[in-house]
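*Asks:* What follows is run-v8.cif; its format and atoms are mmCIF, C-alpha atoms and all ligand atoms.
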data_query
#
loop_
_atom_site.label_atom_id
_atom_site.label_comp_id
_atom_site.auth_asym_id
_atom_site.auth_seq_id
_atom_site.Cartn_x
_atom_site.Cartn_y
_atom_site.Cartn_z
CA MET D 692 22.84 -19.20 4.25
CA LYS D 693 22.75 -16.15 2.05
CA ASP D 694 19.56 -14.64 0.66
CA ILE D 695 19.78 -15.27 -3.09
CA ARG D 696 18.40 -11.79 -3.82
CA ASN D 697 21.35 -10.20 -2.04
CA ILE D 698 24.14 -11.95 -3.95
CA PRO D 699 25.77 -10.28 -6.97
CA LYS D 700 24.70 -11.58 -10.38
CA LYS D 701 28.25 -12.83 -10.91
CA GLU D 702 27.87 -15.21 -7.96
CA LEU D 703 24.66 -16.65 -9.40
CA GLU D 704 26.38 -17.07 -12.78
CA ALA D 705 29.30 -18.88 -11.12
CA PHE D 706 26.86 -21.13 -9.24
CA ILE D 707 25.06 -22.09 -12.45
CA LYS D 708 28.37 -22.78 -14.20
CA GLU D 709 29.74 -24.86 -11.33
CA ASN D 710 26.61 -26.98 -11.36
CA LYS D 711 26.81 -27.45 -15.14
CA ALA D 712 23.39 -25.93 -15.82
CA PRO D 713 22.86 -23.86 -19.02
CA MET D 714 23.52 -20.12 -18.60
CA PHE D 715 19.99 -19.13 -19.70
CA ARG D 716 18.86 -20.36 -16.26
CA VAL D 717 20.39 -17.20 -14.75
CA GLN D 718 17.91 -15.02 -16.62
CA GLN D 719 15.02 -17.34 -15.75
CA ILE D 720 15.94 -17.33 -12.06
CA GLU D 721 16.33 -13.54 -12.06
CA ASN D 722 12.86 -13.18 -13.57
CA TRP D 723 11.36 -15.30 -10.79
CA LEU D 724 13.26 -13.37 -8.15
CA TRP D 725 12.67 -9.82 -9.31
CA ARG D 726 9.68 -9.75 -11.63
CA ASN D 727 7.54 -12.29 -9.79
CA PHE D 728 9.14 -11.98 -6.35
CA VAL D 729 8.51 -15.65 -5.54
CA GLY D 730 8.48 -16.73 -1.90
CA SER D 731 9.96 -20.21 -2.50
CA PHE D 732 12.25 -21.94 -4.98
CA ASP D 733 9.45 -24.43 -5.79
CA GLU D 734 7.47 -21.62 -7.43
CA MET D 735 10.18 -21.38 -10.13
CA LEU D 736 8.19 -23.61 -12.44
CA ASN D 737 10.47 -23.60 -15.47
CA ILE D 738 13.56 -24.48 -13.42
CA PRO D 739 14.29 -28.25 -13.27
CA ALA D 740 13.63 -29.85 -9.87
CA GLN D 741 17.27 -30.87 -9.49
CA LEU D 742 18.51 -27.29 -9.87
CA ARG D 743 15.79 -26.01 -7.51
CA THR D 744 17.00 -28.49 -4.89
CA LEU D 745 20.57 -27.24 -5.31
CA LEU D 746 19.43 -23.64 -4.97
CA LYS D 747 17.52 -24.53 -1.78
CA LYS D 748 20.63 -26.14 -0.33
CA HIS D 749 22.74 -23.03 -0.83
CA TYR D 750 20.43 -20.04 -0.55
CA THR D 751 17.37 -18.68 1.25
CA LEU D 752 14.63 -16.28 0.13
CA THR D 753 13.53 -13.03 1.81
CA VAL D 754 10.92 -13.54 4.49
CA PHE D 755 8.52 -10.65 5.02
CA GLN D 756 5.01 -10.14 6.24
CA THR D 757 2.30 -7.47 6.15
CA GLU D 758 1.54 -6.51 9.74
CA LYS D 759 -0.99 -3.76 9.15
CA ILE D 760 -2.56 -1.70 6.38
CA SER D 761 -3.99 1.76 7.14
CA GLU D 762 -6.01 3.72 4.61
CA SER D 763 -6.41 7.49 4.51
CA PRO D 764 -9.60 9.11 3.14
CA ASP D 765 -7.50 10.54 0.28
CA GLY D 766 -6.74 6.93 -0.87
CA THR D 767 -3.18 6.77 0.49
CA LEU D 768 -2.32 3.38 2.00
CA LYS D 769 0.35 2.84 4.63
CA VAL D 770 1.67 -0.68 5.06
CA LEU D 771 3.65 -1.92 8.05
CA VAL D 772 6.06 -4.65 6.90
CA SER D 773 8.03 -6.98 9.15
CA PHE D 774 11.11 -9.07 8.34
CA TYR D 775 12.66 -12.31 9.65
CA ASP D 776 14.02 -10.62 12.82
CA LYS D 777 10.71 -8.81 13.54
CA ALA D 778 12.27 -5.50 12.41
CA MET D 779 9.49 -3.35 10.95
CA VAL D 780 9.34 -0.53 8.44
CA GLU D 781 6.58 1.42 6.77
CA ALA D 782 5.93 1.81 3.07
CA VAL D 783 3.29 4.01 1.48
CA LEU D 784 1.18 3.69 -1.68
CA ILE D 785 -0.04 6.99 -3.13
CA PRO D 786 -2.55 6.63 -5.97
CA GLU D 787 -3.17 9.75 -8.09
CA SER D 788 -5.03 10.23 -11.35
CA GLN D 789 -1.92 10.08 -13.56
CA ARG D 790 0.36 7.88 -11.48
CA VAL D 791 0.72 5.44 -8.62
CA THR D 792 3.70 6.25 -6.41
CA VAL D 793 5.27 4.15 -3.69
CA CYS D 794 7.38 5.64 -0.92
CA ILE D 795 9.73 3.08 0.62
CA SER D 796 12.12 2.78 3.55
CA THR D 797 15.81 1.87 3.44
CA GLN D 798 16.72 1.51 7.12
CA VAL D 799 14.98 0.32 10.28
CA GLY D 800 14.95 3.65 12.11
CA CYS D 801 17.59 6.19 11.19
CA PRO D 802 20.84 7.52 12.66
CA GLY D 803 20.10 10.95 11.11
CA ALA D 804 18.35 12.46 14.17
CA CYS D 805 16.74 15.31 12.20
CA ALA D 806 14.68 17.59 14.41
CA PHE D 807 11.56 17.63 12.21
CA CYS D 808 11.36 13.88 11.52
CA ALA D 809 9.28 11.25 13.32
CA THR D 810 11.59 8.39 12.30
CA ALA D 811 14.48 10.06 14.15
CA SER D 812 12.86 9.40 17.54
CA MET D 813 13.16 5.62 17.16
CA GLY D 814 16.94 5.66 16.79
CA PHE D 815 18.77 3.38 14.37
CA LYS D 816 18.33 -0.40 14.35
CA ARG D 817 19.81 -1.70 11.09
CA ASN D 818 20.11 -1.28 7.35
CA LEU D 819 17.64 -3.06 5.10
CA THR D 820 19.04 -5.37 2.45
CA LYS D 821 18.41 -4.86 -1.26
CA ALA D 822 15.86 -7.72 -1.11
CA GLU D 823 14.02 -6.12 1.82
CA ILE D 824 13.84 -2.77 0.05
CA TYR D 825 12.54 -4.46 -3.09
CA ALA D 826 10.04 -6.51 -1.07
CA GLN D 827 8.22 -3.30 -0.08
CA VAL D 828 7.70 -2.39 -3.73
CA MET D 829 6.48 -5.87 -4.64
CA LEU D 830 4.06 -5.88 -1.72
CA LEU D 831 2.64 -2.50 -2.71
CA GLN D 832 2.49 -3.61 -6.34
CA GLU D 833 0.32 -6.56 -5.30
CA ILE D 834 -1.93 -4.25 -3.27
CA ALA D 835 -2.17 -1.73 -6.14
CA GLU D 836 -3.14 -4.53 -8.54
CA SER D 837 -5.66 -6.21 -6.27
CA ARG D 838 -7.31 -3.11 -4.79
CA LEU D 839 -7.00 -0.56 -7.60
CA ASN D 840 -6.38 -2.68 -10.66
CA ARG D 841 -3.38 -0.45 -11.38
CA SER D 842 0.41 -0.80 -11.45
CA ILE D 843 3.09 1.20 -9.72
CA SER D 844 4.50 3.93 -11.95
CA ASN D 845 6.84 5.87 -9.63
CA VAL D 846 9.13 5.02 -6.73
CA VAL D 847 10.35 7.53 -4.15
CA ILE D 848 13.03 6.50 -1.67
CA MET D 849 11.89 8.89 1.03
CA GLY D 850 10.58 6.65 3.80
CA MET D 851 12.40 5.67 6.96
CA GLY D 852 16.18 5.96 6.87
CA GLU D 853 18.93 7.91 5.10
CA PRO D 854 19.41 5.99 1.83
CA LEU D 855 22.99 7.07 1.23
CA LEU D 856 24.03 5.58 4.58
CA ASN D 857 22.96 2.25 3.05
CA TYR D 858 24.59 2.98 -0.29
CA ASN D 859 25.31 -0.47 -1.79
CA ALA D 860 21.87 -1.93 -1.13
CA VAL D 861 20.08 1.21 -2.33
CA ALA D 862 22.19 1.61 -5.49
CA ASP D 863 21.67 -2.09 -6.35
CA PHE D 864 17.95 -1.70 -5.68
CA CYS D 865 17.66 1.28 -8.07
CA ASN D 866 19.54 -0.56 -10.77
CA MET D 867 17.48 -3.73 -10.35
CA ILE D 868 14.04 -2.11 -10.24
CA SER D 869 14.78 -0.18 -13.42
CA SER D 870 16.18 -3.23 -15.23
CA GLU D 871 14.33 -5.48 -17.65
CA ASN D 872 14.66 -8.38 -15.22
CA GLY D 873 12.96 -6.28 -12.55
CA LEU D 874 9.88 -4.07 -12.73
CA HIS D 875 11.49 -2.03 -15.54
CA ILE D 876 10.48 1.32 -14.02
CA SER D 877 12.22 4.18 -15.83
CA ALA D 878 15.11 5.83 -13.96
CA GLN D 879 13.24 9.10 -14.52
CA LYS D 880 10.48 7.79 -12.26
CA ILE D 881 12.69 6.75 -9.36
CA THR D 882 13.71 9.46 -6.88
CA LEU D 883 16.25 9.02 -4.13
CA SER D 884 15.94 11.61 -1.38
CA SER D 885 18.89 12.29 0.93
CA VAL D 886 19.92 14.93 3.45
CA GLY D 887 23.19 14.91 1.49
CA ILE D 888 26.29 12.78 2.01
CA PRO D 889 28.79 14.38 -0.44
CA GLU D 890 31.10 11.40 -1.01
CA LYS D 891 28.13 9.13 -1.74
CA ILE D 892 26.56 11.68 -4.10
CA GLU D 893 29.80 11.71 -6.08
CA ARG D 894 29.80 7.92 -6.07
CA MET D 895 26.24 7.88 -7.40
CA ALA D 896 27.47 9.90 -10.38
CA ASP D 897 30.50 7.66 -10.93
CA ASP D 898 28.41 4.48 -10.62
CA ASN D 899 25.64 5.88 -12.82
CA VAL D 900 22.94 4.87 -10.32
CA ARG D 901 19.63 4.78 -12.22
CA CYS D 902 17.46 7.34 -10.40
CA LYS D 903 16.96 11.07 -9.87
CA LEU D 904 18.36 12.85 -6.83
CA ALA D 905 16.45 15.00 -4.36
CA ILE D 906 18.11 16.75 -1.41
CA SER D 907 16.19 17.31 1.82
CA LEU D 908 17.57 20.80 2.25
CA HIS D 909 15.08 22.52 4.61
CA ALA D 910 17.44 25.43 5.34
CA ALA D 911 19.77 27.37 3.05
CA THR D 912 22.42 28.41 5.58
CA ASN D 913 24.70 26.21 7.70
CA GLU D 914 23.66 28.05 10.82
CA LYS D 915 20.01 27.03 10.43
CA ARG D 916 20.62 23.65 8.83
CA ASP D 917 22.89 22.59 11.70
CA LYS D 918 19.96 23.10 14.07
CA ILE D 919 17.63 20.67 12.32
CA ILE D 920 19.91 18.24 10.43
CA PRO D 921 22.82 17.03 12.60
CA LEU D 922 24.53 15.43 9.56
CA ASN D 923 25.00 18.96 8.18
CA LYS D 924 27.70 19.58 10.80
CA LYS D 925 29.71 16.73 9.30
CA HIS D 926 28.88 17.64 5.70
CA PRO D 927 28.30 21.42 5.54
CA LEU D 928 26.61 23.16 2.61
CA PRO D 929 29.75 24.14 0.61
CA GLN D 930 30.81 20.47 0.53
CA LEU D 931 27.30 19.38 -0.38
CA MET D 932 27.06 21.94 -3.20
CA LYS D 933 30.44 20.86 -4.56
CA SER D 934 29.27 17.25 -4.71
CA LEU D 935 25.99 18.28 -6.38
CA ASN D 936 27.88 20.16 -9.06
CA TYR D 937 30.05 17.09 -9.61
CA TYR D 938 26.90 14.92 -9.80
CA TYR D 939 25.35 17.29 -12.36
CA SER D 940 28.52 17.50 -14.44
CA ILE D 941 28.51 13.71 -14.90
CA SER D 942 24.82 12.80 -14.88
CA HIS D 943 23.32 15.99 -16.38
CA LYS D 944 20.36 15.44 -14.05
CA GLU D 945 18.87 18.48 -12.37
CA ILE D 946 18.77 18.37 -8.55
CA THR D 947 15.49 18.75 -6.65
CA PHE D 948 15.72 20.61 -3.35
CA GLU D 949 13.03 19.61 -0.86
CA TYR D 950 12.22 22.44 1.55
CA LEU D 951 9.92 21.82 4.50
CA LEU D 952 8.39 25.10 5.66
CA LEU D 953 8.55 25.34 9.46
CA LYS D 954 6.67 28.21 11.10
CA GLY D 955 8.97 30.97 12.38
CA PHE D 956 12.12 28.93 11.69
CA ASN D 957 12.88 28.87 7.96
CA ASP D 958 9.91 30.62 6.31
CA SER D 959 10.93 34.32 6.30
CA ARG D 960 11.74 36.51 3.30
CA GLU D 961 15.47 36.31 4.22
CA ASP D 962 15.23 32.51 4.26
CA ALA D 963 13.65 32.56 0.80
CA GLU D 964 16.36 34.89 -0.50
CA ALA D 965 19.09 32.62 0.91
CA LEU D 966 17.42 29.70 -0.89
CA VAL D 967 17.38 31.60 -4.20
CA LYS D 968 21.10 32.27 -3.80
CA LEU D 969 21.85 28.62 -3.09
CA CYS D 970 19.74 27.35 -6.01
CA ARG D 971 21.72 29.49 -8.43
CA LYS D 972 24.83 27.47 -7.61
CA VAL D 973 23.61 24.27 -9.30
CA PRO D 974 20.92 23.43 -11.92
CA SER D 975 18.00 22.73 -9.64
CA LYS D 976 14.35 23.13 -8.78
CA VAL D 977 12.55 23.44 -5.45
CA ASN D 978 9.69 21.48 -3.92
CA LEU D 979 8.18 23.35 -0.98
CA ILE D 980 6.46 21.07 1.53
CA ALA D 981 3.96 22.02 4.20
CA PHE D 982 4.96 20.48 7.54
CA ASN D 983 2.89 17.52 8.74
CA SER D 984 2.80 17.50 12.49
CA PHE D 985 3.15 14.31 14.57
CA PRO D 986 2.94 13.56 18.30
CA GLY D 987 5.86 15.24 20.08
CA ALA D 988 6.81 17.48 17.12
CA ASN D 989 8.68 20.68 18.02
CA TYR D 990 7.64 22.57 14.92
CA GLU D 991 4.43 23.88 13.41
CA ARG D 992 3.18 24.25 9.87
CA SER D 993 3.69 27.69 8.30
CA PRO D 994 0.45 29.59 7.62
CA ASP D 995 -0.78 29.42 4.00
CA LEU D 996 -0.11 33.12 3.42
CA VAL D 997 3.50 32.79 4.60
CA MET D 998 3.97 29.80 2.29
CA SER D 999 2.63 31.69 -0.72
CA ASP D 1000 4.83 34.75 0.08
CA PHE D 1001 7.86 32.44 0.34
CA MET D 1002 7.01 30.89 -2.99
CA ALA D 1003 6.61 34.34 -4.59
CA VAL D 1004 10.19 35.31 -3.58
CA LEU D 1005 11.49 32.16 -5.29
CA GLU D 1006 9.42 32.81 -8.41
CA ALA D 1007 10.66 36.40 -8.56
CA GLY D 1008 14.20 34.95 -8.38
CA ARG D 1009 13.32 32.78 -11.42
CA ILE D 1010 13.61 29.54 -9.49
CA ASN D 1011 11.51 26.62 -10.72
CA VAL D 1012 9.34 26.01 -7.64
CA ARG D 1013 6.16 24.21 -6.70
CA LEU D 1014 4.28 23.57 -3.50
CA ARG D 1015 4.09 19.81 -3.15
CA LYS D 1016 0.78 18.39 -2.11
CA SER D 1017 1.20 16.09 0.85
CA ARG D 1018 -0.88 12.96 1.09
CA GLY D 1019 -1.75 10.52 3.85
CA GLY D 1020 -1.59 12.98 6.77
CA SER D 1021 -4.54 11.39 8.57
CA ILE D 1022 -2.74 8.02 8.87
CA ASN D 1023 0.69 9.53 9.67
CA ALA D 1024 1.95 8.46 6.27
CA ALA D 1025 2.95 11.90 5.02
CA CYS D 1026 6.49 13.26 4.72
CA GLY D 1027 8.42 13.06 7.99
CA GLN D 1028 5.67 11.15 9.72
CA LEU D 1029 6.77 7.55 9.25
CA LEU D 1030 7.44 6.04 12.62
CA HIS D 1031 8.03 2.46 13.62
S1 LIG U 1 14.82 13.15 7.75
FE1 LIG U 1 15.77 11.36 6.81
S2 LIG U 1 17.90 11.43 7.56
FE2 LIG U 1 16.73 12.78 8.91
S3 LIG U 1 16.13 11.46 10.64
FE3 LIG U 1 14.43 11.43 9.15
S4 LIG U 1 14.79 9.63 7.89
FE4 LIG U 1 16.74 10.11 8.96
#
Please render this file's structure as structure tokens.

*Replies:*
Amino acid sequence: MKDIRNIPKKELEAFIKENKAPMFRVQQIENWLWRNFVGSFDEMLNIPAQLRTLLKKHYTLTVFQTEKISESPDGTLKVLVSFYDKAMVEAVLIPESQRVTVCISTQVGCPGACAFCATASMGFKRNLTKAEIYAQVMLLQEIAESRLNRSISNVVIMGMGEPLLNYNAVADFCNMISSENGLHISAQKITLSSVGIPEKIERMADDNVRCKLAISLHAATNEKRDKIIPLNKKHPLPQLMKSLNYYYSISHKEITFEYLLLKGFNDSREDAEALVKLCRKVPSKVNLIAFNSFPGANYERSPDLVMSDFMAVLEAGRINVRLRKSRGGSINAACGQLLH
């Protein structure tokens, strides 16, 4: 049986019509599924028992469980979530004074094999469904409400997995979470982070996927990027830049380049100058990130002075740049550290 959260709305509409129920039931069912994230059809209190029985006969509901919650002294919470087949992913809740951000996963493991990333070492197991991606947000929303008495304000798709290799589920997720039937989080507050799959970036523009786009760049030349991001060999920088320009021309949304500073690898003055040159090719800004080490990592964090010199070169080149604060390092919940 299919999970009802993974069927297109049109299929639900056809089901309601076939069973001669009034069409307003579609909206009611969607509210239960996406705003309340019910775990059983019997919780859909305003749906007549007969229709609930029919739904039960044809569809299932996402099964997921919290396996573990770890808390960092800075307030960041990392949650290990398991699904029906015991596949596990991590999701992170990051409370700050002005916002509460969740960082969620889109694949179990990742085929990306990036040299700086902890997730890469576990290989690729499977894609998550739209319902499983959404379940992470709902779980963290419950935790935010019960522990902090606050609601989620921002969503970053930067956890385990390369989101654009799971395009349909991720695009549907973005559109649902920003919709009135879902959590109604503004598209401005949802960020999808990818190493860059050009054809999918162009599709995001064509499909008007409701989120912002960040590119995990980490090196501004093919020579260096090939060494740390194997997918760059398949999709080199000129192709990526072409797709970003296409994306901007349709969406008018500025691109964010994420740049992890790795000691002695991509943190020199020449590296910074190459980054300035690249940024001038598309309306963009840069987030510099200090590397968070993890067991078995081959790279080290750049010294603070090197990071500030790097930033100064970008500022002198009139690039909009900031050094992103990383949270959750003590529980391995920071960027590149998710591993399960
Ligand atoms: S950085 Fe992203 S694409 Fe690369 S291995 Fe990690 S999760 Fe996959």

*Asks:* If the box runs along x, y and z of the file and leaves 8 Å on each side of ligand LIG 1 (chain U), what are its centre and edge lengths in Å, one decimal, as lines of an AutoDock Vina configuration file?

*Replies:*
center_x = 16.2
center_y = 11.4
center_z = 8.7
size_x = 19.5
size_y = 19.5
size_z = 19.8

*Asks:* When you count only C-alpha atoms, which of these residues is closest to Asn899 in chain D: D:Lys880, D:Lys944, D:Lys915, D:His875?

*Replies:* D:Lys944

*Asks:* At a cut-off of 10 Å and counting all atoms listed in the file, what residues surround ligand LIG 1 (chain U)? Please answer as a ChimeraX atom specification.

*Replies:* /D:796-815,849-856,884-887,907-909,919-922,1026-1030

*Asks:* With distances taken over all atoms listed in the file, which of D:Ile941, D:Val1012, D:Val977, D:Ile881 is nearest to Asp898 in chain D?

*Replies:*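 The shortest atom-to-atom distance to Asp898 in chain D comes from D:Ile941.
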
*Asks:* Compile the contact shell of Asn859 in chain D as JSON, numbers by chain: residues with an atom at most 12 Å away, counting all atoms listed in the file, same-chain residues fewer than 6 positions apart removed.

*Replies:* {"D": [697, 698, 699, 797, 818, 819, 820, 821, 822, 824, 865, 866, 891, 894, 895, 898, 900]}

*Asks:* Determine, counting all atoms listed in the file, which protein, DNA and RNA residues have an atom within 12 Å of an atom of Ala911 in chain D; residues of the same chain fewer than 2 positions away are not included. Present the result as a PyMOL selection string.

*Replies:* chain D and resi 906-909+913-920+923+927-929+931-932+948-952+956-959+961-972+977

*Asks:* How many Å lie between CA of Val847 in chain D and CA of Lys925 in chain D, rounded to one decimal?

*Replies:* 25.3 Å

*Asks:* Smallest atom-to-atom distance to Val793 in chain D: which of D:Leu979, D:Leu831, D:Leu746, D:Leu996, using only C-alpha atoms?

*Replies:*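 Closest to Val793 in chain D of all the choices is D:Leu831.
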
*Asks:* Return the single residue from D:Leu768, D:Ile795, D:Leu784, D:Met692 that is closest to Lys748 in chain D, with distances computed using only C-alpha atoms.

*Replies:*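 So, comparing all the options, the nearest one is D:Met692.
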
*Asks:* Any idea what the distance is between CA of Met735 in chain D and CA of Thr751 in chain D?

*Replies:*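 Taking CA of Met735 in chain D and CA of Thr751 in chain D, their separation equals 13.7 Å.
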
*Asks:* For CA of Glu836 in chain D and CA of Ser877 in chain D, quote the distance in Å rounded to one decimal.

*Replies:*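 Calculated distance between CA of Glu836 in chain D and CA of Ser877 in chain D is 19.1 Å.
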
*Asks:* Pick from D:Met829, D:Leu953, D:Ile707, D:Ser761: nearest to Gly730 in chain D, with all atoms listed in the file counted?

*Replies:* D:Met829
